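One structure is given here, and the rest of the page talks about it.
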Amino acid sequence: ISTGTNSEYKLQILVSDNKNNDKPRLWRVWGRVGGTGGGGSKLDTFDSIQECKHEFCKLFLKYSGNQWNNRKTFVKKGGKFLQMDVVYGQTMNDDNNSRQTISNNKKAAAVVVVGDSRSKLDMRVQHVIAAFFDNKAAAKQLESLKIDVTKLPLGNMTHRQLRSAYQVLTEIEALIKDTSMDATIKLGSLQQLSNQFYTKCPSTDPKLISTMELLKQQVLLVDELIQLQTSDSVMNGSGNQKSIAPIDEAYAKLKTELEPLDPTKEPFQMLKKYVENGRTAAVPGVQRWASNDWGRRGLRLLDAFEVTREDETKRFEPLKQS
């Protein structure tokens, strides 16, 4: 952040499917994250795949400080690039430096719909599942953070990569809340952690994460990216069985049972009572509304569900005996 360094370097070996033109190529592209200026590209052709791989490994070592064969135990080196975990096999955008995009997965966005005549799910459950796999809603939330999902800097990051970035944010939160630390030392630590975060979750506009407001924005960003990545991975390969509604396939892959509560029975009525009796008086300047006025104020319990995850009962059984 302090030096303004915000660059990326991509390496890719390309092999033609055409056996008559089987010379491998090594594609390189570099510059500022997101292609926001500077940089360049280079395409080299080799006589054999062995030569191409050798050059690839040499460049990987040069720019990351790690051996390609040891990439599973990758260690970030000072002044070197960090290897990014990304999801492959999705739609590529050739007009944007071959950048992968979650939003270009039209299949996942189109197949999960409510009201499919083939679905055997309760309509209330269908609405929950459709909301979970609504990538358009997640994309709209990201747009409010000025994040264009069609131009994610380094493609679709894996769940592990995003969780790693999330962990850095928890460290930043603890640091922001620490009022005992010397201001100069705190600033340096926040700068270091912010650099770590943007290394794991690249941004075209990295800023020092030094306030709770900026922190919440980044947490929301990572949460939405995780939702996009999760829903996309769950839906991968769905829609192949014409006799089964895609929304039912998505539900089955979650391995979780959602059972709507009967609105006339005690569990639902108890939850409804909690909503109606919600106390806002504890918040300064906010008055508690009358229970008969709660619907007009916009807070209303529509549905409630009993949730049972696969093998959850089995996992918790030993705890009952202790």
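Starting from 1 in every chain, residues are counted up; chains themselves are A, B, ... following the order of the structure tokens, and ligands are numbered from 1 as listed.
Contact shell of Pro263 of chain A at 12 Å (only C-alpha atoms; same-chain neighbours under 3 positions omitted): Pro260, Glu266, Pro267, Phe268, Gln269, Met270, Leu271, Lys272, Lys273, Leu301, Leu302, Asp303, Ala304 and Phe305 of chain A.
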Q: Give me the residues within 7 Å of Leu190 of chain A as JSON, numbers by chain, counting only C-alpha atoms and dropping any in the same chain fewer than 6 places off.
A: {"A": [172, 209, 210]}
Q: Mind checking which residues fall within 12 Å of Tyr166 of chain A, counting only C-alpha atoms, ignoring those fewer than 5 positions away in the same chain, and posting them as a PyMOL selection string?
A: chain A and resi 159-161+171-173+193-194+196-198+200-201+215-216+218-226
Q.
Restricting the calculation to only C-alpha atoms: of A:Lys314, A:Arg28, A:Arg309, A:Arg300, which residue gets closest to Leu258 of chain A?
A. A:Arg309
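Nearest residue to Val128 of chain A among A:Glu310, A:Glu8, A:Asp248, A:Glu317 is A:Asp248, counting only C-alpha atoms.
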**Q.** Among the residues A:Val75, A:Leu11, A:Ile244, A:Leu43, the one that comes closest to Cys57 of chain A [using only C-alpha atoms]
**A.**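 When distances to Cys57 of chain A are compared using only C-alpha atoms, the smallest one comes from A:Leu11.
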Q) Which one of A:Asn277, A:Ser243, A:Lys58, A:Asp44 sits closest to Lys120 of chain A if you count only C-alpha atoms? A)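 Ranking A:Asn277, A:Ser243, A:Lys58, A:Asp44 by distance to Lys120 of chain A, first place goes to A:Ser243.
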Q) Distance atom CA of Ala131 of chain A-atom CA of Val275 of chain A, one decimal place? A)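 Going from atom CA of Ala131 of chain A over to atom CA of Val275 of chain A covers 21.8 Å.
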